[in-house]
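Trainee: Sharing start12.cif, mmCIF, C-alpha atoms:
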```cif
data_entry
loop_
_atom_site.label_atom_id
_atom_site.label_comp_id
_atom_site.auth_asym_id
_atom_site.auth_seq_id
_atom_site.Cartn_x
_atom_site.Cartn_y
_atom_site.Cartn_z
CA GLY P 1 -16.41 -35.92 -24.09
CA THR P 2 -13.97 -35.16 -26.91
CA SER P 3 -11.21 -37.70 -26.29
CA TYR P 4 -10.91 -41.46 -26.60
CA ASP P 5 -7.98 -41.33 -24.15
CA VAL P 6 -9.91 -41.10 -20.85
CA ASP P 7 -8.92 -44.06 -18.66
CA LEU P 8 -11.87 -45.03 -16.47
CA SER P 9 -10.13 -48.18 -15.27
CA ARG P 10 -7.87 -45.89 -13.22
CA ALA P 11 -10.86 -44.15 -11.64
CA TYR P 12 -12.30 -47.59 -10.91
CA ARG P 13 -9.13 -48.76 -9.14
CA LEU P 14 -9.03 -45.55 -7.09
CA GLU P 15 -12.77 -45.83 -6.32
CA LEU P 16 -13.29 -42.20 -7.34
CA GLN P 17 -16.81 -40.92 -6.77
CA GLY P 18 -18.74 -38.58 -9.05
CA THR P 19 -17.14 -39.69 -12.33
CA LEU P 20 -20.45 -40.31 -14.11
CA CYS P 21 -21.88 -37.03 -12.87
CA PHE P 22 -18.74 -35.12 -13.90
CA VAL P 23 -18.50 -36.57 -17.41
CA GLY P 24 -22.22 -36.19 -18.07
CA LEU P 25 -22.18 -32.55 -17.01
CA LYS P 26 -19.04 -31.83 -19.02
CA VAL P 27 -20.48 -33.27 -22.21
CA MET P 28 -23.75 -31.36 -21.78
CA GLY P 29 -21.79 -28.17 -21.15
CA ASP P 30 -19.48 -28.73 -24.12
CA TRP P 31 -22.53 -29.26 -26.33
CA ASP P 32 -24.26 -26.11 -24.96
CA LEU P 33 -27.33 -28.08 -23.90
CA PHE P 34 -27.93 -26.28 -20.60
CA ARG P 35 -28.34 -22.91 -22.27
CA SER P 36 -29.91 -23.97 -25.56
CA LEU P 37 -32.54 -26.23 -23.96
CA ASN P 38 -32.97 -24.25 -20.73
CA VAL P 39 -31.96 -27.23 -18.61
CA SER P 40 -31.51 -26.63 -14.90
CA ARG P 41 -27.88 -27.41 -14.14
CA SER P 42 -28.51 -27.91 -10.43
CA ARG P 43 -31.31 -30.39 -11.06
CA MET P 44 -29.23 -32.21 -13.63
CA VAL P 45 -26.45 -32.54 -11.06
CA SER P 46 -28.96 -34.05 -8.63
CA PHE P 47 -30.35 -36.37 -11.31
CA LEU P 48 -26.96 -37.67 -12.45
CA TRP P 49 -25.79 -38.10 -8.88
CA ALA P 50 -28.89 -40.15 -8.09
CA VAL P 51 -28.24 -42.27 -11.18
CA GLU P 52 -24.61 -42.83 -10.24
CA GLN P 53 -25.58 -43.87 -6.71
CA GLY P 54 -28.12 -46.30 -8.17
CA TYR P 55 -25.45 -48.40 -9.83
CA HIS P 56 -24.43 -51.51 -7.87
CA LYS P 57 -20.79 -52.27 -7.11
CA ASN P 58 -20.65 -55.07 -9.67
CA PRO P 59 -17.26 -56.03 -11.06
CA TYR P 60 -18.23 -54.90 -14.58
CA HIS P 61 -21.74 -53.43 -14.85
CA ASN P 62 -21.11 -50.47 -12.58
CA ALA P 63 -20.96 -46.66 -12.69
CA TYR P 64 -17.42 -46.67 -14.10
CA HIS P 65 -18.55 -48.73 -17.08
CA ALA P 66 -21.44 -46.27 -17.58
CA THR P 67 -18.99 -43.36 -17.44
CA ASP P 68 -16.67 -45.05 -19.91
CA VAL P 69 -19.56 -45.59 -22.34
CA THR P 70 -20.81 -42.02 -21.89
CA ASN P 71 -17.40 -40.55 -22.65
CA ARG P 72 -16.89 -42.79 -25.67
CA VAL P 73 -20.27 -42.15 -27.29
CA ALA P 74 -19.83 -38.41 -26.73
CA THR P 75 -16.44 -38.52 -28.43
CA MET P 76 -17.88 -40.50 -31.33
CA PHE P 77 -20.66 -37.93 -31.76
CA THR P 78 -18.20 -35.04 -31.72
CA MET P 79 -15.70 -36.64 -34.10
CA SER P 80 -18.36 -37.83 -36.56
CA GLY P 81 -20.04 -34.45 -36.97
CA LEU P 82 -23.28 -35.68 -35.38
CA VAL P 83 -23.12 -33.00 -32.68
CA LYS P 84 -22.68 -30.20 -35.21
CA HIS P 85 -25.51 -31.56 -37.35
CA LEU P 86 -28.03 -32.25 -34.57
CA TYR P 87 -27.33 -29.00 -32.72
CA LYS P 88 -28.86 -27.01 -35.60
CA THR P 89 -32.43 -27.84 -34.59
CA HIS P 90 -34.32 -27.93 -31.30
CA ASN P 91 -35.29 -31.57 -31.76
CA GLY P 92 -31.68 -32.42 -32.60
CA ARG P 93 -30.49 -30.83 -29.37
CA VAL P 94 -33.11 -32.82 -27.45
CA GLN P 95 -31.76 -35.98 -29.08
CA LEU P 96 -28.22 -35.03 -28.06
CA LEU P 97 -29.40 -34.68 -24.47
CA GLY P 98 -31.10 -38.05 -24.79
CA VAL P 99 -27.87 -39.66 -25.98
CA VAL P 100 -25.94 -38.49 -22.91
CA ILE P 101 -28.66 -39.57 -20.49
CA ALA P 102 -29.18 -42.92 -22.21
CA ALA P 103 -25.47 -43.69 -22.00
CA ALA P 104 -25.40 -42.69 -18.34
CA VAL P 105 -28.41 -44.82 -17.35
CA HIS P 106 -28.11 -47.77 -19.72
CA ASP P 107 -27.06 -50.28 -17.01
CA PHE P 108 -28.71 -48.54 -14.05
CA ASP P 109 -29.63 -50.94 -11.20
CA HIS P 110 -27.95 -53.82 -13.04
CA PRO P 111 -27.75 -56.81 -10.64
CA GLY P 112 -24.60 -58.34 -12.14
CA THR P 113 -26.43 -61.22 -13.82
CA ASN P 114 -27.75 -61.23 -17.37
CA ASN P 115 -31.20 -61.25 -18.94
CA ALA P 116 -31.09 -64.97 -19.64
CA TYR P 117 -30.54 -65.66 -15.95
CA ALA P 118 -33.49 -63.41 -15.04
CA VAL P 119 -35.68 -65.36 -17.44
CA SER P 120 -34.45 -68.83 -16.44
CA THR P 121 -35.00 -68.11 -12.74
CA GLY P 122 -38.34 -66.43 -13.41
CA ASN P 123 -37.50 -63.46 -11.23
CA GLY P 124 -39.79 -60.49 -10.74
CA TYR P 125 -38.04 -58.33 -13.31
CA ALA P 126 -38.41 -60.96 -16.02
CA LYS P 127 -42.11 -61.29 -15.26
CA MET P 128 -42.58 -57.51 -15.17
CA TYR P 129 -41.02 -57.05 -18.61
CA ASN P 130 -42.36 -60.26 -20.20
CA ASP P 131 -38.85 -61.73 -20.57
CA GLN P 132 -37.92 -59.00 -23.06
CA ALA P 133 -34.74 -56.90 -22.61
CA VAL P 134 -35.28 -57.36 -18.89
CA TYR P 135 -32.52 -55.25 -17.38
CA GLU P 136 -32.51 -52.65 -20.15
CA ASN P 137 -36.21 -52.07 -19.54
CA ASN P 138 -35.59 -51.94 -15.81
CA ALA P 139 -32.73 -49.45 -16.19
CA VAL P 140 -34.68 -46.98 -18.27
CA TYR P 141 -37.87 -47.30 -16.20
CA LYS P 142 -36.24 -46.80 -12.82
CA SER P 143 -33.86 -44.04 -13.88
CA LEU P 144 -36.59 -42.01 -15.59
CA MET P 145 -38.74 -42.33 -12.49
CA PHE P 146 -36.28 -39.91 -10.88
CA ILE P 147 -37.72 -37.16 -13.07
CA ASP P 148 -40.99 -37.48 -11.13
CA ASN P 149 -39.05 -36.12 -8.16
CA GLN P 150 -39.35 -32.32 -8.28
CA GLU P 151 -35.77 -31.79 -7.10
CA LEU P 152 -34.42 -34.01 -9.89
CA ASP P 153 -36.75 -32.91 -12.68
CA PHE P 154 -34.42 -31.14 -15.12
CA THR P 155 -37.24 -31.14 -17.73
CA VAL P 156 -39.38 -28.68 -15.78
CA GLN P 157 -39.07 -26.04 -18.53
CA PHE P 158 -39.74 -28.47 -21.39
CA SER P 159 -42.92 -28.58 -23.46
CA VAL P 160 -44.95 -31.77 -23.58
CA GLU P 161 -43.57 -32.47 -27.06
CA THR P 162 -39.96 -31.98 -25.93
CA LYS P 163 -40.44 -34.26 -22.93
CA ARG P 164 -41.94 -36.90 -25.21
CA LEU P 165 -39.07 -36.76 -27.70
CA LEU P 166 -36.49 -36.95 -24.91
CA ARG P 167 -38.23 -39.96 -23.37
CA ILE P 168 -38.55 -41.77 -26.73
CA THR P 169 -34.87 -41.15 -27.48
CA ILE P 170 -33.66 -42.49 -24.14
CA ILE P 171 -35.89 -45.57 -24.32
CA ASP P 172 -34.83 -46.30 -27.92
CA LEU P 173 -31.16 -46.07 -27.12
CA VAL P 174 -31.14 -48.02 -23.86
CA LEU P 175 -33.20 -50.88 -25.29
CA SER P 176 -30.85 -51.03 -28.28
CA THR P 177 -28.00 -52.08 -25.96
CA ASP P 178 -29.65 -55.48 -25.42
CA MET P 179 -27.08 -57.77 -27.04
CA SER P 180 -29.81 -60.15 -28.21
CA ARG P 181 -30.72 -57.40 -30.70
CA HIS P 182 -27.13 -56.84 -31.88
CA PHE P 183 -27.34 -58.48 -35.29
CA ASP P 184 -30.81 -57.07 -35.95
CA THR P 185 -29.45 -53.57 -35.35
CA LEU P 186 -26.46 -54.10 -37.64
CA SER P 187 -28.75 -55.48 -40.33
CA LEU P 188 -31.06 -52.47 -40.06
CA ILE P 189 -28.12 -50.07 -40.23
CA ASN P 190 -26.82 -51.80 -43.34
CA SER P 191 -30.17 -51.86 -45.10
CA LYS P 192 -31.69 -48.55 -43.97
CA VAL P 193 -28.60 -46.34 -43.67
CA GLY P 194 -25.97 -48.17 -45.71
CA SER P 195 -28.15 -47.76 -48.80
CA ALA P 196 -27.77 -43.97 -48.43
CA LEU P 197 -23.98 -44.07 -48.61
CA PRO P 198 -22.34 -42.48 -51.65
CA LYS P 199 -19.77 -44.45 -53.60
CA ALA P 200 -16.09 -43.70 -53.97
CA PRO P 201 -13.04 -45.53 -55.36
CA LEU P 202 -11.79 -48.31 -53.10
CA LYS P 203 -8.56 -47.10 -51.55
CA LYS P 204 -8.80 -46.00 -47.95
CA ASN P 205 -10.36 -48.95 -46.15
CA ILE P 206 -8.86 -51.97 -47.85
CA SER P 207 -5.85 -52.21 -45.50
CA PHE P 208 -8.10 -52.51 -42.47
CA ILE P 209 -10.32 -55.04 -44.23
CA HIS P 210 -7.20 -57.12 -44.88
CA SER P 211 -5.87 -56.78 -41.35
CA VAL P 212 -9.04 -57.59 -39.42
CA THR P 213 -10.57 -60.27 -41.60
CA SER P 214 -9.57 -63.87 -41.21
CA GLY P 215 -11.93 -65.30 -43.81
CA PRO P 216 -10.98 -65.19 -47.49
CA SER P 217 -14.49 -64.26 -48.64
CA ILE P 218 -14.42 -60.69 -47.33
CA ARG P 219 -10.85 -60.13 -48.49
CA GLN P 220 -11.80 -61.38 -51.93
CA GLU P 221 -14.85 -59.11 -52.03
CA ALA P 222 -12.70 -56.11 -51.14
CA GLU P 223 -10.17 -56.91 -53.83
CA GLU P 224 -12.73 -57.50 -56.55
CA SER P 225 -15.07 -54.60 -55.80
CA PRO P 226 -14.24 -51.50 -57.88
CA GLU P 227 -15.69 -49.18 -55.26
CA VAL P 228 -16.56 -49.01 -51.60
CA LYS P 229 -19.27 -47.01 -49.85
CA VAL P 230 -17.86 -44.30 -47.64
CA GLY P 231 -19.21 -41.42 -45.62
CA VAL P 232 -22.88 -40.83 -44.92
CA ASP P 233 -24.29 -37.36 -45.66
CA LEU P 234 -26.26 -36.48 -42.54
CA LYS P 235 -28.22 -33.77 -44.35
CA LEU P 236 -29.81 -36.39 -46.60
CA LEU P 237 -30.94 -38.76 -43.83
CA SER P 238 -34.52 -39.12 -42.60
CA SER P 239 -35.45 -38.85 -38.94
CA ASP P 240 -35.81 -42.64 -38.79
CA GLN P 241 -32.31 -43.11 -40.19
CA ILE P 242 -30.91 -40.68 -37.62
CA ARG P 243 -32.64 -42.62 -34.85
CA LEU P 244 -30.99 -45.82 -36.07
CA ILE P 245 -27.58 -44.13 -36.09
CA LEU P 246 -28.08 -42.93 -32.50
CA GLN P 247 -28.91 -46.47 -31.40
CA PHE P 248 -25.96 -47.90 -33.26
CA ALA P 249 -23.56 -45.36 -31.76
CA LEU P 250 -24.49 -46.41 -28.22
CA LYS P 251 -24.03 -50.07 -29.18
CA VAL P 252 -20.52 -49.33 -30.44
CA ALA P 253 -19.70 -47.40 -27.27
CA ASP P 254 -21.11 -50.16 -25.05
CA ILE P 255 -18.64 -52.77 -26.34
CA GLY P 256 -15.93 -50.12 -26.65
CA HIS P 257 -13.63 -51.51 -23.96
CA CYS P 258 -12.51 -53.84 -26.77
CA MET P 259 -11.23 -50.70 -28.52
CA LEU P 260 -9.21 -49.37 -25.57
CA PRO P 261 -5.45 -49.69 -25.10
CA LEU P 262 -4.65 -53.31 -24.30
CA ASP P 263 -3.99 -52.88 -20.57
CA GLN P 264 -7.31 -51.09 -20.07
CA HIS P 265 -9.15 -53.57 -22.28
CA LYS P 266 -7.74 -56.54 -20.35
CA PHE P 267 -8.75 -54.89 -17.07
CA TRP P 268 -12.38 -54.67 -18.22
CA VAL P 269 -12.37 -58.23 -19.58
CA ALA P 270 -11.07 -59.46 -16.21
CA GLN P 271 -13.89 -57.61 -14.44
CA LEU P 272 -16.41 -59.13 -16.82
CA GLN P 273 -14.99 -62.61 -16.22
CA THR P 274 -15.28 -62.13 -12.45
CA GLU P 275 -18.92 -61.12 -12.87
CA PHE P 276 -19.62 -64.03 -15.23
CA PHE P 277 -18.12 -66.57 -12.84
CA VAL P 278 -20.28 -65.29 -9.97
CA GLN P 279 -23.38 -65.86 -12.10
CA GLY P 280 -22.08 -69.31 -13.02
CA ASP P 281 -21.68 -70.15 -9.33
CA GLN P 282 -25.28 -69.09 -8.70
CA GLU P 283 -26.52 -71.18 -11.60
CA LYS P 284 -24.59 -74.21 -10.33
CA ASN P 285 -25.95 -73.78 -6.81
CA GLN P 286 -29.50 -73.57 -8.16
CA GLY P 287 -29.16 -76.65 -10.32
CA LEU P 288 -29.36 -74.67 -13.55
CA PRO P 289 -27.22 -75.23 -16.65
CA ILE P 290 -24.14 -73.01 -16.38
CA SER P 291 -24.16 -70.35 -19.09
CA ALA P 292 -21.42 -70.05 -21.70
CA LEU P 293 -18.17 -68.55 -20.35
CA MET P 294 -19.53 -68.57 -16.79
CA ASP P 295 -18.16 -71.90 -15.52
CA ARG P 296 -15.04 -71.05 -13.51
CA THR P 297 -13.69 -74.57 -14.11
CA LYS P 298 -13.51 -73.82 -17.85
CA PRO P 299 -11.95 -71.07 -20.00
CA GLY P 300 -13.79 -67.76 -19.59
CA PRO P 301 -13.66 -64.35 -21.29
CA MET P 302 -9.92 -64.01 -20.58
CA ASN P 303 -9.24 -67.05 -22.77
CA GLY P 304 -7.65 -66.14 -26.10
CA ASN P 305 -9.93 -68.36 -28.18
CA ASN P 306 -13.09 -66.98 -26.61
CA GLN P 307 -12.04 -63.34 -26.84
CA ALA P 308 -10.72 -63.69 -30.40
CA GLY P 309 -14.08 -65.22 -31.34
CA PHE P 310 -15.95 -62.31 -29.76
CA PHE P 311 -13.84 -59.86 -31.76
CA GLU P 312 -14.40 -61.73 -35.02
CA VAL P 313 -18.16 -62.11 -34.64
CA ILE P 314 -19.14 -58.94 -32.76
CA VAL P 315 -16.49 -56.25 -32.34
CA VAL P 316 -14.75 -56.04 -35.70
CA PRO P 317 -17.88 -55.96 -37.89
CA THR P 318 -19.34 -53.31 -35.57
CA ILE P 319 -16.44 -50.85 -35.66
CA VAL P 320 -15.91 -51.45 -39.40
CA LEU P 321 -19.55 -50.51 -40.05
CA TRP P 322 -19.27 -47.35 -37.92
CA GLN P 323 -16.16 -46.26 -39.79
CA LYS P 324 -17.92 -46.93 -43.09
CA LEU P 325 -20.64 -44.50 -42.03
CA PHE P 326 -18.24 -41.93 -40.57
CA PRO P 327 -14.76 -42.43 -42.06
CA GLY P 328 -11.97 -41.17 -39.85
CA SER P 329 -14.20 -40.51 -36.85
CA ALA P 330 -12.90 -43.47 -34.86
CA ASP P 331 -9.50 -44.25 -36.34
CA LYS P 332 -8.03 -44.72 -32.87
CA LEU P 333 -10.78 -47.19 -31.93
CA GLN P 334 -10.41 -49.08 -35.18
CA ASN P 335 -6.64 -49.33 -34.97
CA GLN P 336 -6.76 -50.43 -31.35
CA THR P 337 -9.40 -53.02 -32.21
CA THR P 338 -7.01 -54.52 -34.75
CA SER P 339 -4.17 -54.52 -32.22
CA ASN P 340 -6.25 -56.10 -29.46
CA TRP P 341 -7.65 -58.74 -31.77
CA THR P 342 -4.13 -59.61 -32.86
CA PHE P 343 -3.18 -60.05 -29.20
CA TRP P 344 -6.05 -62.45 -28.50
CA LYS P 345 -5.44 -64.45 -31.68
CA ALA P 346 -1.80 -64.87 -30.66
CA ASP P 347 -3.01 -66.11 -27.27
CA ALA P 348 -5.49 -68.54 -28.82
CA HIS P 349 -4.93 -72.28 -29.26
CA PRO P 350 -6.03 -73.68 -32.62
CA ASP P 351 -7.01 -77.02 -31.10
CA GLN P 352 -9.54 -75.37 -28.77
CA GLY P 353 -12.96 -74.11 -29.80
CA SER P 354 -14.34 -70.75 -28.79
CA ASN P 355 -17.47 -69.50 -27.09
CA VAL P 356 -18.93 -66.09 -27.78
CA ALA P 357 -21.12 -64.60 -25.07
CA ALA P 358 -22.21 -61.01 -24.83
CA SER P 359 -22.03 -58.92 -21.71
#
```
Since I need it in another form, could you write the structure as structure tokens?
Mentor:
Amino acid sequence: GTSYDVDLSRAYRLELQGTLCFVGLKVMGDWDLFRSLNVSRSRMVSFLWAVEQGYHKNPYHNAYHATDVTNRVATMFTMSGLVKHLYKTHNGRVQLLGVVIAAAVHDFDHPGTNNAYAVSTGNGYAKMYNDQAVYENNAVYKSLMFIDNQELDFTVQFSVETKRLLRITIIDLVLSTDMSRHFDTLSLINSKVGSALPKAPLKKNISFIHSVTSGPSIRQEAEESPEVKVGVDLKLLSSDQIRLILQFALKVADIGHCMLPLDQHKFWVAQLQTEFFVQGDQEKNQGLPISALMDRTKPGPMNGNNQAGFFEVIVVPTIVLWQKLFPGSADKLQNQTTSNWTFWKADAHPDQGSNVAAS
């Protein structure tokens, strides 16, 4: 949980078992959560193993993706100083535990089709969750039901208040991964947390702003602004601001395959395309409109125009905002984002449009 270099695509190809369980346990051990929170290690093993087995063998939304996200968010927390800050208090340590569990369970029981498909087909999950964040709600509900099993209940030593905080944290974080809430979350981070950023002379970040921005407006703003906000002081943040940062961190980690070395990134995009095309086939067979990027007779996620558009609209603004909050904590992710975006733009055709669809 302290390296961005872990290659889960290799574990995927080798069909290694226990990766999610191993990474989850390692992060919790590294962060001293077993001892400091009196968590039963044996029950946590059983819980994480049950979670891992509950993931379907989808091309993309599977246990390897969950492991990849768990490792990445843990590394972000370590590199940003969030672990050091939160560890100081009991509630902070409970939140750290919630982060690891939320990352591990965030796509639990995912069927390989998206929320829009659940709603359009009127399936039982959509009805159960009133068409809202259907599979995120399902993931957190079903995974937390494991805790009702005595052999899997790692919270047995927790107070009622601690159990409540852990549950709230996990629910908050998992529901935040619903891509329909992406821009709302970024807006909240900018308004509620960005306002707390100190100001410093504009020097460090301008090169990245130049390199990742295609539109002249942002470049011009960077050149004309005498200062840029850098580095949030965690000690000055409210509990609500911390909660927003936790949610945002998991969102960054969830789309983080775009920040991996190109060969790994392309592997995950190919898996996502395979999954998208299967949904498109189902929609076609059911007489439904085929969703964006899911028609196998048209360019999908592996198309340069579509992927470059996704980077411009979703990925780049997200990693830039994280680095603004925690400068230097994700340099490798930021640099690789620039490199990958450059690759897709070079592969794009100016005469073609682009579609942006979220996983």
Trainee: Residues picked by the PyMOL selection byres ((chain P and resi 113) around 12) here, as a ChimeraX atom specification?
Mentor: /P:56,58-61,107,109-112,114-121,123,125,134-135,272-283,291,294,358-359
Trainee: Which residues, named as in the file, does the PyMOL selection byres ((chain P and resi 175) around 9) pick out? Answer as a PDB file with C-alpha atoms, in the frame of the given file.
Mentor:
```
ATOM      1  CA  HIS P 106     -28.110 -47.770 -19.720  1.00  0.00           C
ATOM      2  CA  ALA P 133     -34.740 -56.900 -22.610  1.00  0.00           C
ATOM      3  CA  GLU P 136     -32.510 -52.650 -20.150  1.00  0.00           C
ATOM      4  CA  ASN P 137     -36.210 -52.070 -19.540  1.00  0.00           C
ATOM      5  CA  VAL P 140     -34.680 -46.980 -18.270  1.00  0.00           C
ATOM      6  CA  ILE P 170     -33.660 -42.490 -24.140  1.00  0.00           C
ATOM      7  CA  ILE P 171     -35.890 -45.570 -24.320  1.00  0.00           C
ATOM      8  CA  ASP P 172     -34.830 -46.300 -27.920  1.00  0.00           C
ATOM      9  CA  LEU P 173     -31.160 -46.070 -27.120  1.00  0.00           C
ATOM     10  CA  VAL P 174     -31.140 -48.020 -23.860  1.00  0.00           C
ATOM     11  CA  SER P 176     -30.850 -51.030 -28.280  1.00  0.00           C
ATOM     12  CA  THR P 177     -28.000 -52.080 -25.960  1.00  0.00           C
ATOM     13  CA  ASP P 178     -29.650 -55.480 -25.420  1.00  0.00           C
ATOM     14  CA  ARG P 181     -30.720 -57.400 -30.700  1.00  0.00           C
ATOM     15  CA  GLN P 247     -28.910 -46.470 -31.400  1.00  0.00           C
TER      16      GLN P 247
END
```
Trainee: My list of candidates is P:Asn340, P:Ser329, P:Ser42, P:Ser159. Which is closest to P:Thr75 when distances are computed with all atoms listed in the file?
Mentor: P:Ser329
Trainee: Might you spell out which residues the PyMOL selection byres ((chain P and resi 308) around 8) would select in the displayed file, as a list of chain:residue names?
Mentor: P:Gly304, P:Asn305, P:Asn306, P:Gln307, P:Gly309, P:Phe310, P:Phe311, P:Glu312, P:Trp341, P:Trp344, P:Lys345, P:Ala348
Trainee: Considering all atoms listed in the file, state which residue in the set P:Asn62, P:Ala249, P:Asn303, P:Lys84 is at the smallest distance from P:Lys235.
Mentor: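 Checking each of P:Asn62, P:Ala249, P:Asn303, P:Lys84 against P:Lys235, counting all atoms listed in the file, the winner is P:Lys84.
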Trainee: Could you complete stretch 342-349 of chain P so that it carries all heavy atoms, and give it back as an mmCIF file, in the frame of the given file?
Mentor:
```cif
data_model
loop_
_atom_site.group_PDB
_atom_site.id
_atom_site.type_symbol
_atom_site.label_atom_id
_atom_site.label_comp_id
_atom_site.auth_asym_id
_atom_site.auth_seq_id
_atom_site.Cartn_x
_atom_site.Cartn_y
_atom_site.Cartn_z
ATOM 1 N N THR P 342 -5.393 -58.918 -32.583
ATOM 2 C CA THR P 342 -4.130 -59.610 -32.860
ATOM 3 C C THR P 342 -3.563 -60.251 -31.601
ATOM 4 O O THR P 342 -3.080 -61.387 -31.613
ATOM 5 C CB THR P 342 -3.104 -58.628 -33.463
ATOM 6 O OG1 THR P 342 -3.620 -58.097 -34.675
ATOM 7 C CG2 THR P 342 -1.773 -59.316 -33.728
ATOM 8 N N PHE P 343 -3.656 -59.515 -30.477
ATOM 9 C CA PHE P 343 -3.180 -60.050 -29.200
ATOM 10 C C PHE P 343 -3.930 -61.324 -28.824
ATOM 11 O O PHE P 343 -3.320 -62.340 -28.462
ATOM 12 C CB PHE P 343 -3.338 -59.004 -28.096
ATOM 13 C CG PHE P 343 -3.136 -59.558 -26.708
ATOM 14 C CD1 PHE P 343 -1.860 -59.735 -26.190
ATOM 15 C CD2 PHE P 343 -4.229 -59.933 -25.926
ATOM 16 C CE1 PHE P 343 -1.671 -60.270 -24.923
ATOM 17 C CE2 PHE P 343 -4.049 -60.464 -24.651
ATOM 18 C CZ PHE P 343 -2.756 -60.634 -24.153
ATOM 19 N N TRP P 344 -5.254 -61.292 -28.915
ATOM 20 C CA TRP P 344 -6.050 -62.450 -28.500
ATOM 21 C C TRP P 344 -5.835 -63.634 -29.441
ATOM 22 O O TRP P 344 -5.808 -64.793 -29.003
ATOM 23 C CB TRP P 344 -7.522 -62.086 -28.413
ATOM 24 C CG TRP P 344 -7.849 -61.149 -27.290
ATOM 25 C CD1 TRP P 344 -8.300 -59.867 -27.396
ATOM 26 C CD2 TRP P 344 -7.726 -61.408 -25.888
ATOM 27 N NE1 TRP P 344 -8.471 -59.305 -26.149
ATOM 28 C CE2 TRP P 344 -8.128 -60.238 -25.210
ATOM 29 C CE3 TRP P 344 -7.313 -62.517 -25.135
ATOM 30 C CZ2 TRP P 344 -8.127 -60.145 -23.820
ATOM 31 C CZ3 TRP P 344 -7.319 -62.433 -23.742
ATOM 32 C CH2 TRP P 344 -7.715 -61.256 -23.106
ATOM 33 N N LYS P 345 -5.690 -63.354 -30.728
ATOM 34 C CA LYS P 345 -5.440 -64.450 -31.680
ATOM 35 C C LYS P 345 -4.103 -65.118 -31.397
ATOM 36 O O LYS P 345 -3.969 -66.343 -31.515
ATOM 37 C CB LYS P 345 -5.503 -63.930 -33.115
ATOM 38 C CG LYS P 345 -6.917 -63.648 -33.596
ATOM 39 C CD LYS P 345 -6.992 -63.394 -35.083
ATOM 40 C CE LYS P 345 -6.340 -62.091 -35.479
ATOM 41 N NZ LYS P 345 -6.553 -61.813 -36.934
ATOM 42 N N ALA P 346 -3.113 -64.310 -31.004
ATOM 43 C CA ALA P 346 -1.800 -64.870 -30.660
ATOM 44 C C ALA P 346 -1.878 -65.718 -29.400
ATOM 45 O O ALA P 346 -1.098 -66.654 -29.210
ATOM 46 C CB ALA P 346 -0.782 -63.752 -30.496
ATOM 47 N N ASP P 347 -2.835 -65.400 -28.529
ATOM 48 C CA ASP P 347 -3.010 -66.110 -27.270
ATOM 49 C C ASP P 347 -3.923 -67.327 -27.417
ATOM 50 O O ASP P 347 -4.077 -68.116 -26.490
ATOM 51 C CB ASP P 347 -3.609 -65.153 -26.221
ATOM 52 C CG ASP P 347 -3.590 -65.724 -24.813
ATOM 53 O OD1 ASP P 347 -2.518 -66.158 -24.366
ATOM 54 O OD2 ASP P 347 -4.659 -65.732 -24.158
ATOM 55 N N ALA P 348 -4.540 -67.453 -28.591
ATOM 56 C CA ALA P 348 -5.490 -68.540 -28.820
ATOM 57 C C ALA P 348 -4.770 -69.841 -29.158
ATOM 58 O O ALA P 348 -3.632 -69.846 -29.604
ATOM 59 C CB ALA P 348 -6.439 -68.162 -29.949
ATOM 60 N N HIS P 349 -5.478 -70.946 -28.943
ATOM 61 C CA HIS P 349 -4.930 -72.280 -29.260
ATOM 62 C C HIS P 349 -5.807 -72.887 -30.345
ATOM 63 O O HIS P 349 -7.004 -73.097 -30.130
ATOM 64 C CB HIS P 349 -4.918 -73.157 -28.011
ATOM 65 C CG HIS P 349 -4.072 -72.621 -26.908
ATOM 66 N ND1 HIS P 349 -2.687 -72.737 -26.907
ATOM 67 C CD2 HIS P 349 -4.387 -71.920 -25.777
ATOM 68 C CE1 HIS P 349 -2.203 -72.150 -25.823
ATOM 69 N NE2 HIS P 349 -3.212 -71.656 -25.111
#
```
